[in-house]
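Structure file query-v5.cif (mmCIF, C-alpha atoms and all ligand atoms) follows.
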```
data_upload
loop_
_atom_site.label_atom_id
_atom_site.label_comp_id
_atom_site.auth_asym_id
_atom_site.auth_seq_id
_atom_site.Cartn_x
_atom_site.Cartn_y
_atom_site.Cartn_z
CA MET I 128 25.41 5.83 -13.15
CA ASP I 129 24.11 8.46 -15.54
CA PRO I 130 20.49 8.25 -16.69
CA SER I 131 19.74 6.19 -19.78
CA LEU I 132 16.94 5.91 -22.29
CA ILE I 133 15.09 2.77 -23.27
CA ASP I 134 12.24 2.35 -25.74
CA LEU I 135 9.18 0.11 -25.61
CA GLN I 136 11.19 -2.88 -26.76
CA GLY I 137 13.70 -2.13 -24.04
CA LEU I 138 10.92 -2.16 -21.45
CA GLU I 139 9.65 -5.46 -22.85
CA THR I 140 13.15 -6.90 -22.56
CA LEU I 141 13.45 -5.61 -19.00
CA LEU I 142 10.29 -7.49 -18.01
CA ALA I 143 11.51 -10.62 -19.78
CA ARG I 144 14.89 -10.48 -18.02
CA LEU I 145 13.14 -10.24 -14.66
CA ARG I 146 11.01 -13.27 -15.43
CA GLU I 147 14.09 -15.20 -16.65
CA ALA I 148 15.79 -14.34 -13.36
CA GLY I 149 12.96 -16.09 -11.52
CA TYR I 150 10.94 -13.08 -10.42
CA ARG I 151 7.20 -13.08 -10.14
CA VAL I 152 6.53 -9.86 -12.07
CA LEU I 153 3.64 -7.77 -10.73
CA GLY I 154 2.42 -4.63 -12.42
CA PRO I 155 -0.64 -2.50 -13.07
CA VAL I 156 -3.50 -3.99 -15.09
CA VAL I 157 -7.08 -2.91 -15.76
CA ARG I 158 -9.48 -5.16 -13.93
CA ASP I 159 -13.09 -4.64 -12.85
CA GLY I 160 -13.03 -0.97 -13.74
CA ALA I 161 -9.92 -0.13 -11.76
CA ILE I 162 -6.17 -0.35 -12.03
CA VAL I 163 -4.88 -3.08 -9.75
CA TYR I 164 -1.60 -4.93 -9.38
CA ALA I 165 -1.40 -8.43 -10.80
CA GLU I 166 1.07 -10.76 -12.47
CA ILE I 167 1.97 -9.49 -15.93
CA GLY I 168 3.51 -11.26 -18.89
CA GLY I 169 4.64 -8.23 -20.88
CA ILE I 170 3.88 -4.64 -21.79
CA ALA I 171 0.66 -5.72 -23.56
CA ASP I 172 -0.81 -6.30 -20.09
CA LEU I 173 -0.11 -2.74 -18.93
CA PRO I 174 -2.93 -0.15 -18.94
CA ARG I 175 -2.05 1.60 -22.19
CA GLY I 176 -4.15 4.69 -22.82
CA TRP I 177 -5.98 4.81 -19.51
CA ARG I 178 -6.15 7.56 -16.95
CA ASP I 179 -7.84 7.58 -13.56
CA ALA I 180 -10.14 10.44 -12.65
CA GLN I 181 -10.22 10.75 -8.87
CA ALA I 182 -12.03 13.03 -6.45
CA PRO I 183 -13.34 12.65 -2.89
CA GLY I 184 -15.53 9.55 -2.97
CA ARG I 185 -15.04 9.08 -6.71
CA TYR I 186 -12.83 6.92 -8.96
CA ARG I 187 -13.31 6.34 -12.67
CA LEU I 188 -11.07 4.95 -15.38
CA GLU I 189 -11.20 6.95 -18.59
CA PRO I 190 -9.72 6.02 -21.97
CA THR I 191 -7.41 8.57 -23.56
CA GLU I 192 -5.88 9.04 -26.98
CA ALA I 193 -2.39 8.98 -25.46
CA PRO I 194 -0.28 5.82 -25.92
CA THR I 195 1.06 6.07 -22.38
CA LEU I 196 1.47 2.91 -20.34
CA PHE I 197 1.63 4.80 -17.04
CA GLY I 198 -0.72 7.73 -17.58
CA PHE I 199 -2.66 7.03 -14.39
CA ASN I 200 -1.81 7.48 -10.71
CA LEU I 201 -3.06 4.94 -8.18
CA GLY I 202 -5.76 2.32 -7.95
CA PRO I 203 -7.36 1.14 -4.73
CA GLN I 204 -4.69 -1.45 -4.00
CA GLY I 205 -1.27 -0.57 -2.73
CA TRP I 206 1.67 -2.96 -2.68
CA LYS I 207 0.72 -3.60 0.94
CA ARG I 208 -1.31 -6.62 -0.08
CA THR I 209 1.77 -8.19 -1.72
CA PHE I 210 3.82 -8.21 1.47
CA HIS I 211 1.36 -7.72 4.34
CA THR I 212 -1.30 -9.98 2.87
CA PRO I 213 -5.01 -9.33 3.63
CA THR I 214 -5.34 -12.82 5.10
CA LYS I 215 -2.76 -15.14 6.55
CA PRO I 216 -3.79 -18.55 7.86
CA PHE I 217 -2.28 -19.83 11.03
CA SER I 218 -2.16 -23.61 11.28
CA PRO I 219 -4.67 -25.71 9.38
CA GLY I 220 -6.66 -27.91 11.69
CA GLU I 221 -8.95 -30.88 11.61
CA ARG I 222 -12.36 -30.76 13.26
CA GLY I 223 -11.71 -29.38 16.70
CA TRP I 224 -9.17 -26.87 17.79
CA GLY I 225 -6.25 -26.96 15.44
CA GLU I 226 -2.96 -28.75 15.51
CA GLY I 227 -1.70 -27.92 18.96
CA PRO I 228 1.92 -28.57 19.61
CA THR I 229 2.20 -32.03 18.07
CA GLY I 230 1.94 -31.19 14.39
CA SER I 231 -0.46 -32.28 11.68
CA GLY I 232 -3.14 -34.92 11.71
CA PRO I 233 -6.40 -35.25 13.57
CA THR I 234 -6.30 -34.11 17.16
CA ASP I 235 -6.63 -36.71 19.91
CA GLU I 236 -9.88 -35.13 20.97
CA ALA I 237 -11.33 -35.29 17.49
CA SER I 238 -10.33 -38.95 17.16
CA ASP I 239 -11.98 -39.92 20.41
CA PRO I 240 -15.72 -39.12 20.28
CA THR I 241 -16.05 -39.54 24.04
CA LYS I 242 -13.77 -36.60 24.74
CA PRO I 243 -15.07 -33.04 24.55
CA LEU I 244 -13.40 -30.66 22.15
CA SER I 245 -11.03 -28.41 23.97
CA LEU I 246 -8.22 -26.01 23.32
CA ARG I 247 -5.14 -28.16 23.34
CA GLU I 248 -2.06 -27.48 25.32
CA GLY I 249 0.01 -24.99 23.38
CA GLY I 250 -3.05 -23.34 21.85
CA TRP I 251 -3.09 -22.36 18.23
CA GLY I 252 0.19 -23.06 16.54
CA GLU I 253 1.73 -20.64 14.11
CA GLY I 254 1.69 -23.48 11.59
CA PRO I 255 4.64 -23.64 9.28
CA ALA I 256 7.05 -20.79 9.91
CA ALA I 257 7.31 -17.95 7.45
CA PRO I 258 6.87 -18.92 3.81
CA ALA I 259 9.87 -19.33 1.57
CA PRO I 260 10.75 -16.00 -0.02
CA ILE I 261 9.08 -15.41 -3.36
CA PRO I 262 11.32 -13.23 -5.53
CA THR I 263 8.96 -10.48 -6.63
CA ALA I 264 9.44 -7.60 -9.05
CA LEU I 265 7.18 -4.59 -8.62
CA ILE I 266 6.57 -2.71 -11.86
CA ALA I 267 5.34 0.88 -11.68
CA ALA I 268 5.63 1.46 -7.97
CA ARG I 269 4.83 5.14 -7.47
CA PRO I 270 7.10 7.34 -5.34
CA CYS I 271 4.52 7.68 -2.55
CA GLU I 272 4.22 3.90 -2.51
CA LEU I 273 7.96 3.51 -2.08
CA ALA I 274 7.64 5.74 0.98
CA ALA I 275 4.77 3.56 2.23
CA ILE I 276 6.80 0.37 1.76
CA ARG I 277 9.64 1.98 3.70
CA ILE I 278 7.20 2.74 6.53
CA GLN I 279 5.84 -0.81 6.61
CA ASP I 280 9.40 -2.17 6.58
CA ARG I 281 10.14 -0.07 9.63
CA VAL I 282 7.05 -1.31 11.44
CA LEU I 283 6.93 -4.96 10.40
CA LYS I 284 10.51 -5.86 9.55
CA GLU I 285 12.73 -3.60 11.62
CA GLY I 286 10.69 -2.85 14.72
CA VAL I 287 10.33 -4.53 18.07
CA TYR I 288 7.64 -6.95 16.89
CA LEU I 289 8.83 -8.67 13.74
CA ASP I 290 6.47 -10.27 11.25
CA PRO I 291 8.40 -13.16 9.68
CA HIS I 292 5.68 -13.58 7.06
CA TYR I 293 6.19 -10.00 5.88
CA ALA I 294 9.98 -10.21 6.11
CA ALA I 295 10.07 -13.35 3.96
CA ARG I 296 7.89 -11.80 1.30
CA ARG I 297 10.02 -8.65 1.24
CA GLU I 298 13.33 -10.46 1.19
CA ASP I 299 13.95 -10.58 -2.56
CA THR I 300 12.12 -7.66 -4.13
CA PHE I 301 13.17 -5.83 -7.27
CA VAL I 302 11.51 -2.44 -7.57
CA VAL I 303 10.91 -0.64 -10.85
CA ALA I 304 9.52 2.73 -9.82
CA VAL I 305 7.67 4.98 -12.24
CA ASN I 306 7.79 8.69 -11.55
CA CYS I 307 4.42 10.38 -11.85
CA THR I 308 3.81 12.46 -14.95
CA THR I 309 0.30 13.38 -13.89
CA ALA I 310 -1.40 13.98 -10.55
CA ALA I 311 -4.85 12.89 -9.46
CA ASP I 312 -7.04 15.49 -7.82
CA THR I 313 -6.57 13.65 -4.53
CA CYS I 314 -2.74 13.40 -4.56
CA PHE I 315 -0.68 15.43 -2.09
CA CYS I 316 2.70 13.67 -2.08
CA ALA I 317 4.56 16.88 -2.92
CA GLY I 318 3.60 18.42 0.41
CA MET I 319 4.60 15.23 2.24
CA GLY I 320 8.00 15.09 0.55
CA THR I 321 7.33 11.63 -0.88
CA GLY I 322 6.84 12.42 -4.58
CA PRO I 323 6.13 12.93 -7.42
CA ARG I 324 9.74 11.92 -8.14
CA ALA I 325 11.27 8.87 -6.46
CA ARG I 326 14.31 9.64 -4.34
CA GLY I 327 15.24 6.14 -3.24
CA GLY I 328 13.92 2.70 -2.45
CA PHE I 329 14.06 1.51 -6.07
CA ASP I 330 16.37 -0.55 -8.25
CA LEU I 331 15.31 1.26 -11.40
CA ALA I 332 13.18 4.38 -11.78
CA LEU I 333 11.46 5.20 -15.07
CA THR I 334 10.00 8.44 -16.34
CA GLU I 335 7.72 7.95 -19.32
CA LEU I 336 8.36 10.44 -22.13
CA VAL I 337 6.01 10.70 -25.10
CA ASP I 338 6.76 13.39 -27.71
CA GLU I 339 7.77 13.90 -31.32
CA GLN I 340 10.95 11.95 -30.61
CA GLY I 341 8.94 8.86 -29.75
CA HIS I 342 7.80 6.84 -26.78
CA ARG I 343 10.73 6.42 -24.41
CA PHE I 344 11.58 5.96 -20.77
CA LEU I 345 14.29 7.80 -18.91
CA VAL I 346 15.87 5.19 -16.62
CA GLU I 347 17.81 5.87 -13.44
CA ALA I 348 19.46 3.06 -11.50
CA GLY I 349 19.12 3.13 -7.73
CA SER I 350 21.10 0.00 -6.82
CA ARG I 351 23.86 -2.21 -8.13
CA HIS I 352 21.22 -4.81 -8.97
CA GLY I 353 19.42 -2.20 -11.04
CA GLU I 354 22.63 -1.20 -12.83
CA GLU I 355 23.29 -4.84 -13.73
CA LEU I 356 19.82 -5.32 -15.14
CA LEU I 357 20.01 -2.08 -17.11
CA ALA I 358 23.33 -3.20 -18.57
CA ALA I 359 21.60 -6.36 -19.82
CA ILE I 360 18.95 -4.56 -21.88
CA PRO I 361 19.26 -2.30 -24.92
CA HIS I 362 19.70 1.31 -23.77
CA GLU I 363 21.46 4.50 -24.70
CA PRO I 364 22.80 7.41 -22.66
CA ALA I 365 20.14 10.04 -22.03
CA ALA I 366 20.78 13.46 -23.53
CA ALA I 367 20.65 16.40 -21.12
CA ALA I 368 17.43 17.53 -22.80
CA ALA I 369 15.69 14.26 -21.91
CA VAL I 370 16.82 14.53 -18.29
CA GLU I 371 15.56 18.12 -18.11
CA GLN I 372 12.28 17.06 -19.75
CA ALA I 373 11.74 14.43 -17.06
CA GLN I 374 12.56 16.85 -14.26
CA ALA I 375 10.27 19.50 -15.73
CA LEU I 376 7.42 16.97 -15.79
CA SER I 377 7.97 16.28 -12.09
CA ARG I 378 7.89 20.00 -11.32
CA GLN I 379 4.66 20.41 -13.30
CA VAL I 380 3.05 17.53 -11.45
CA ALA I 381 4.08 18.91 -8.06
CA ASP I 382 2.77 22.36 -9.01
CA ALA I 383 -0.55 20.85 -10.12
CA MET I 384 -1.33 19.40 -6.69
CA THR I 385 -3.93 21.47 -4.89
CA ARG I 386 -4.16 19.47 -1.69
CA ARG I 387 -1.72 19.78 1.18
CA LEU I 388 -1.75 19.22 4.93
CA PRO I 389 -1.42 22.29 7.15
CA GLY I 390 2.13 23.37 7.90
CA GLY I 391 4.04 24.10 11.09
CA ASP I 392 4.48 21.48 13.79
CA LEU I 393 1.45 19.47 12.72
CA ARG I 394 1.99 16.84 15.39
CA ALA I 395 1.93 19.36 18.23
CA ARG I 396 -0.93 21.36 16.74
CA ILE I 397 -3.10 18.26 16.41
CA LEU I 398 -2.32 16.98 19.91
CA GLU I 399 -3.48 20.30 21.34
CA ARG I 400 -6.95 19.55 19.95
CA LEU I 401 -7.76 16.16 21.42
CA GLU I 402 -11.02 17.50 22.84
CA SER I 403 -12.02 19.53 19.79
CA LEU I 404 -15.69 19.48 18.84
CA HIS I 405 -14.54 18.90 15.28
CA TRP I 406 -14.29 15.16 15.90
CA ASN I 407 -18.07 15.13 16.40
CA ALA I 408 -18.57 17.03 13.17
CA VAL I 409 -16.60 14.39 11.24
CA ALA I 410 -18.49 11.60 13.00
CA GLU I 411 -21.79 12.95 11.65
CA ARG I 412 -20.53 12.06 8.15
CA CYS I 413 -18.22 9.10 8.79
CA LEU I 414 -19.80 5.66 8.30
CA ALA I 415 -17.03 3.84 10.20
CA CYS I 416 -16.79 1.56 7.17
CA GLY I 417 -13.01 1.30 7.45
CA ASN I 418 -12.42 1.80 3.70
CA CYS I 419 -9.79 4.41 4.49
CA THR I 420 -7.75 1.94 6.52
CA GLN I 421 -8.03 -0.87 3.98
CA VAL I 422 -6.77 1.24 1.07
CA CYS I 423 -4.12 3.07 3.11
CA PRO I 424 -0.68 1.71 2.16
CA THR I 425 0.73 2.28 5.65
CA CYS I 426 -2.09 0.95 7.89
CA PHE I 427 -0.96 -2.38 9.29
CA CYS I 428 -3.45 -3.40 12.01
CA THR I 429 -4.81 -6.93 12.00
CA THR I 430 -7.30 -9.03 13.87
CA VAL I 431 -7.81 -12.78 14.19
CA CYS I 432 -10.78 -14.80 12.89
CA ASP I 433 -11.71 -18.44 13.36
CA ARG I 434 -13.02 -20.16 10.23
CA GLU I 435 -14.71 -23.46 9.56
CA ASP I 436 -15.43 -25.22 6.31
CA ILE I 437 -18.81 -26.86 6.96
CA VAL I 438 -18.31 -29.30 4.07
CA THR I 439 -14.93 -30.71 5.06
CA GLY I 440 -15.11 -29.90 8.75
CA ALA I 441 -11.70 -28.23 8.57
CA THR I 442 -11.16 -25.39 10.99
CA TRP I 443 -8.48 -22.83 10.99
CA ARG I 444 -7.57 -19.53 12.45
CA GLU I 445 -6.34 -16.68 10.31
CA ARG I 446 -5.01 -13.21 10.64
CA VAL I 447 -6.92 -10.63 8.58
CA TRP I 448 -6.51 -6.92 8.08
CA GLY I 449 -8.28 -5.08 10.86
CA SER I 450 -9.41 -1.51 11.18
CA CYS I 451 -9.48 0.92 14.07
CA PHE I 452 -12.93 1.88 12.77
CA ASP I 453 -14.31 -1.57 13.62
CA ASP I 454 -16.81 -1.57 16.44
CA ASP I 455 -14.91 -4.14 18.51
CA PHE I 456 -11.36 -3.13 17.59
CA SER I 457 -10.82 -1.41 20.93
CA TYR I 458 -12.66 -4.03 23.01
CA LEU I 459 -10.79 -4.69 26.25
CA HIS I 460 -12.04 -6.85 29.15
CA GLY I 461 -15.69 -5.95 29.05
CA GLY I 462 -15.92 -2.72 27.12
CA ARG I 463 -14.84 -0.71 24.13
CA VAL I 464 -12.26 1.98 24.69
CA ARG I 465 -13.57 3.87 21.67
CA PRO I 466 -17.32 3.25 21.60
CA ASP I 467 -18.29 6.05 19.20
CA ILE I 468 -17.28 7.04 15.69
CA ALA I 469 -15.85 10.38 16.80
CA SER I 470 -13.28 8.67 19.00
CA ARG I 471 -12.45 6.15 16.29
CA TYR I 472 -11.90 8.78 13.61
CA ARG I 473 -9.81 10.76 16.09
CA GLN I 474 -7.70 7.67 16.83
CA TRP I 475 -7.03 7.02 13.14
CA PHE I 476 -6.31 10.65 12.29
CA ILE I 477 -4.08 11.32 15.29
CA HIS I 478 -2.13 8.12 14.83
CA LYS I 479 -1.52 8.89 11.15
CA LEU I 480 -0.47 12.48 11.53
CA ALA I 481 0.83 12.85 15.08
CA THR I 482 1.66 9.86 17.28
CA TRP I 483 3.11 7.89 14.36
CA HIS I 484 6.05 10.31 14.68
CA ASP I 485 6.54 9.20 18.29
CA GLN I 486 6.32 5.51 17.42
CA PHE I 487 8.12 5.28 14.12
CA GLY I 488 9.86 8.61 13.51
CA THR I 489 7.84 9.74 10.49
CA SER I 490 4.33 10.71 9.54
CA GLY I 491 2.06 7.72 8.95
CA CYS I 492 0.74 9.42 5.84
CA VAL I 493 2.56 9.52 2.50
CA GLY I 494 0.01 11.70 0.68
CA CYS I 495 -1.29 9.05 -1.74
CA GLY I 496 -4.86 10.33 -1.39
CA ARG I 497 -6.44 6.88 -1.45
CA CYS I 498 -8.40 7.45 1.76
CA ILE I 499 -9.96 10.53 0.11
CA THR I 500 -10.90 8.77 -3.11
CA TRP I 501 -12.24 5.61 -1.52
CA CYS I 502 -14.16 7.16 1.36
CA PRO I 503 -17.77 6.63 0.29
CA VAL I 504 -18.78 10.00 1.72
CA GLY I 505 -15.68 11.82 0.51
CA ILE I 506 -14.08 12.68 3.84
CA ASP I 507 -10.77 14.35 3.01
CA ILE I 508 -7.92 14.06 5.50
CA THR I 509 -6.37 17.33 4.28
CA ALA I 510 -9.65 19.24 4.61
CA GLU I 511 -10.35 17.74 8.04
CA ALA I 512 -6.87 18.70 9.23
CA ALA I 513 -7.42 22.26 8.03
CA ALA I 514 -10.84 22.42 9.67
CA LEU I 515 -9.50 21.01 12.93
CA LEU I 516 -6.76 23.63 13.01
CA GLY I 517 -9.09 26.43 11.97
CA GLU I 518 -7.47 26.91 8.59
CA ARG I 519 -9.05 27.14 5.18
CA PRO I 520 -8.39 23.95 3.18
S1 LIG M 601 -3.74 8.45 5.32
FE1 LIG M 601 -4.74 8.56 3.30
S2 LIG M 601 -3.39 9.89 2.04
FE2 LIG M 601 -2.22 9.24 3.85
S3 LIG M 601 -1.09 7.40 3.19
FE3 LIG M 601 -3.04 6.67 4.13
S4 LIG M 601 -4.47 6.52 2.39
FE4 LIG M 601 -2.73 7.74 1.68
S1 LIG M 602 -13.54 8.30 6.97
FE1 LIG M 602 -14.73 7.54 5.19
S2 LIG M 602 -13.68 5.64 4.56
FE2 LIG M 602 -12.98 6.14 6.67
S3 LIG M 602 -14.38 4.99 7.99
FE3 LIG M 602 -15.27 7.04 7.76
S4 LIG M 602 -16.72 6.84 6.02
FE4 LIG M 602 -15.37 5.03 5.94
#
```

Take the structure from the file and write it as structure tokens.
Amino acid sequence: MDPSLIDLQGLETLLARLREAGYRVLGPVVRDGAIVYAEIGGIADLPRGWRDAQAPGRYRLEPTEAPTLFGFNLGPQGWKRTFHTPTKPFSPGERGWGEGPTGSGPTDEASDPTKPLSLREGGWGEGPAAPAPIPTALIAARPCELAAIRIQDRVLKEGVYLDPHYAARREDTFVVAVNCTTAADTCFCAGMGTGPRARGGFDLALTELVDEQGHRFLVEAGSRHGEELLAAIPHEPAAAAAVEQAQALSRQVADAMTRRLPGGDLRARILERLESLHWNAVAERCLACGNCTQVCPTCFCTTVCDREDIVTGATWRERVWGSCFDDDFSYLHGGRVRPDIASRYRQWFIHKLATWHDQFGTSGCVGCGRCITWCPVGIDITAEAAALLGERP
């Protein structure tokens, strides 16, 4: 299907059609000084006239004179939290140790005060199986984020260990991508081959065009579902000039990116430096806070926490996002495999850029730059890679 043009009213209609079709429509909004993803009712909720200024350890929203709805790049949240949620309760339990194998209601032990509390046969149940799918439309997914979703699909939906919770949430997703027309200082998707123009993984892809001809969006359909939705909203064929304008914007954005990972066989070059002293140099700055793993759209590790509500007495166990920077993340039968920050940073870095290829067939990094922006001390994965390999960043 050839590219089309829609105007602001067309975009409003697109959002309305998605809601009418039963989708929960999530898109970018300004909240607490950042752009985050939340449920939106229409284009009035979008961050019109905002840009994000990003640098290592720095993120600021700045108002602009431009009427753009998508004149920013990325906030701290990726779409990861929509599908691979930060917390996921296992079974709810009464006072004691959860439901066990017999289902809901107080446990026998909790009912009988003469019996000690104990882990019941069957242990902690999974609770109800995966949730019913929630049809979800993502508005303004950036190209690097589409690549990140593809990676998480491979790990959590198509790998050896399936996550039914993730799979259910992903089952009915409509993706409206927005190609980037600006690049943050921390972006490096061009070097990773994941942006700034979406190449797949979307139902519709928009490029925002603002010029003397008005405020319009070039629309490309990436699926039959996308074609059907486009057919249901007012649109017109895009002139060749508009298509060229959109492609030129993508080229400008790619050319504007100053960051890039070192070239060559990066995996092999990194694995040759497992004992480099550079890991110690990074550890002198790294706080092991784990921010980089929480904002990374491909990191998927979790841990398990036990919770208790002291008012109601309810107890439950839940899965929460973990981090390989956590002190006890590598704890195994009496000791930590990675007791110091140098070994933890090395683990994260090498998994992202080298051994991820062995496990999942791609890099674990899509070049979104979030770990650079949200690292409180501004540690930059591209600069550390260059330093490790003895190159100038
Ligand atoms: S490692 Fe950093 S730049 Fe790469 S995908 Fe994760 S957050 Fe983005
Ligand atoms: S690299 Fe930065 S964000 Fe990551 S753990 Fe270290 S200090 Fe925190």

Query raised in the report: Got a sec to check which residues lie within 8 Å of ligand LIG 601 (chain M), using only C-alpha atoms and all ligand atoms, and send them as a VMD selection string?
Result: chain I and resid 275 314 to 315 419 to 420 422 to 426 476 479 491 to 499 508

Query raised in the report: Distance CA of Ile276 (chain I)-CA of Val152 (chain I), one decimal place?
Result: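 According to the coordinates, CA of Ile276 (chain I) and CA of Val152 (chain I) are separated by 17.2 Å.
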
At a cut-off of 8 Å around ligand LIG 602 (chain M), and using all atoms listed in the file, what residues come up? Please write them as a PDB file with C-alpha atoms, in the coordinates of the input.
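selection.pdb written:
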```pdb
ATOM      1  CA  ALA I 410     -18.490  11.600  13.000  1.00  0.00           C
ATOM      2  CA  ARG I 412     -20.530  12.060   8.150  1.00  0.00           C
ATOM      3  CA  CYS I 413     -18.220   9.100   8.790  1.00  0.00           C
ATOM      4  CA  LEU I 414     -19.800   5.660   8.300  1.00  0.00           C
ATOM      5  CA  ALA I 415     -17.030   3.840  10.200  1.00  0.00           C
ATOM      6  CA  CYS I 416     -16.790   1.560   7.170  1.00  0.00           C
ATOM      7  CA  GLY I 417     -13.010   1.300   7.450  1.00  0.00           C
ATOM      8  CA  ASN I 418     -12.420   1.800   3.700  1.00  0.00           C
ATOM      9  CA  CYS I 419      -9.790   4.410   4.490  1.00  0.00           C
ATOM     10  CA  THR I 420      -7.750   1.940   6.520  1.00  0.00           C
ATOM     11  CA  PHE I 452     -12.930   1.880  12.770  1.00  0.00           C
ATOM     12  CA  TYR I 472     -11.900   8.780  13.610  1.00  0.00           C
ATOM     13  CA  CYS I 498      -8.400   7.450   1.760  1.00  0.00           C
ATOM     14  CA  ILE I 499      -9.960  10.530   0.110  1.00  0.00           C
ATOM     15  CA  TRP I 501     -12.240   5.610  -1.520  1.00  0.00           C
ATOM     16  CA  CYS I 502     -14.160   7.160   1.360  1.00  0.00           C
ATOM     17  CA  PRO I 503     -17.770   6.630   0.290  1.00  0.00           C
ATOM     18  CA  VAL I 504     -18.780  10.000   1.720  1.00  0.00           C
ATOM     19  CA  GLY I 505     -15.680  11.820   0.510  1.00  0.00           C
ATOM     20  CA  ILE I 506     -14.080  12.680   3.840  1.00  0.00           C
ATOM     21  CA  ASP I 507     -10.770  14.350   3.010  1.00  0.00           C
TER      22      ASP I 507
END
```

Query raised in the report: Any idea what's packed within 6 Å of region 189-196 of chain I, counting only C-alpha atoms, ignoring anything in its chain fewer than 6 positions away? Could you give it as a PyMOL selection string?
Result: chain I and resi 174-178

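Residue nearest Pro213 (chain I), chosen from I:Arg446, I:Arg185, I:Arg400, I:His352 and counting all atoms listed in the file: I:Arg446.
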
Report task. Could you please determine the separation between CA of Ile477 (chain I) and CA of Val287 (chain I) in Å, to one decimal place? Result ->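 So the answer is 21.6 Å.
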
Report summary line: Between CA of Val303 (chain I) and CA of Leu141 (chain I) lies a distance of 9.9 Å
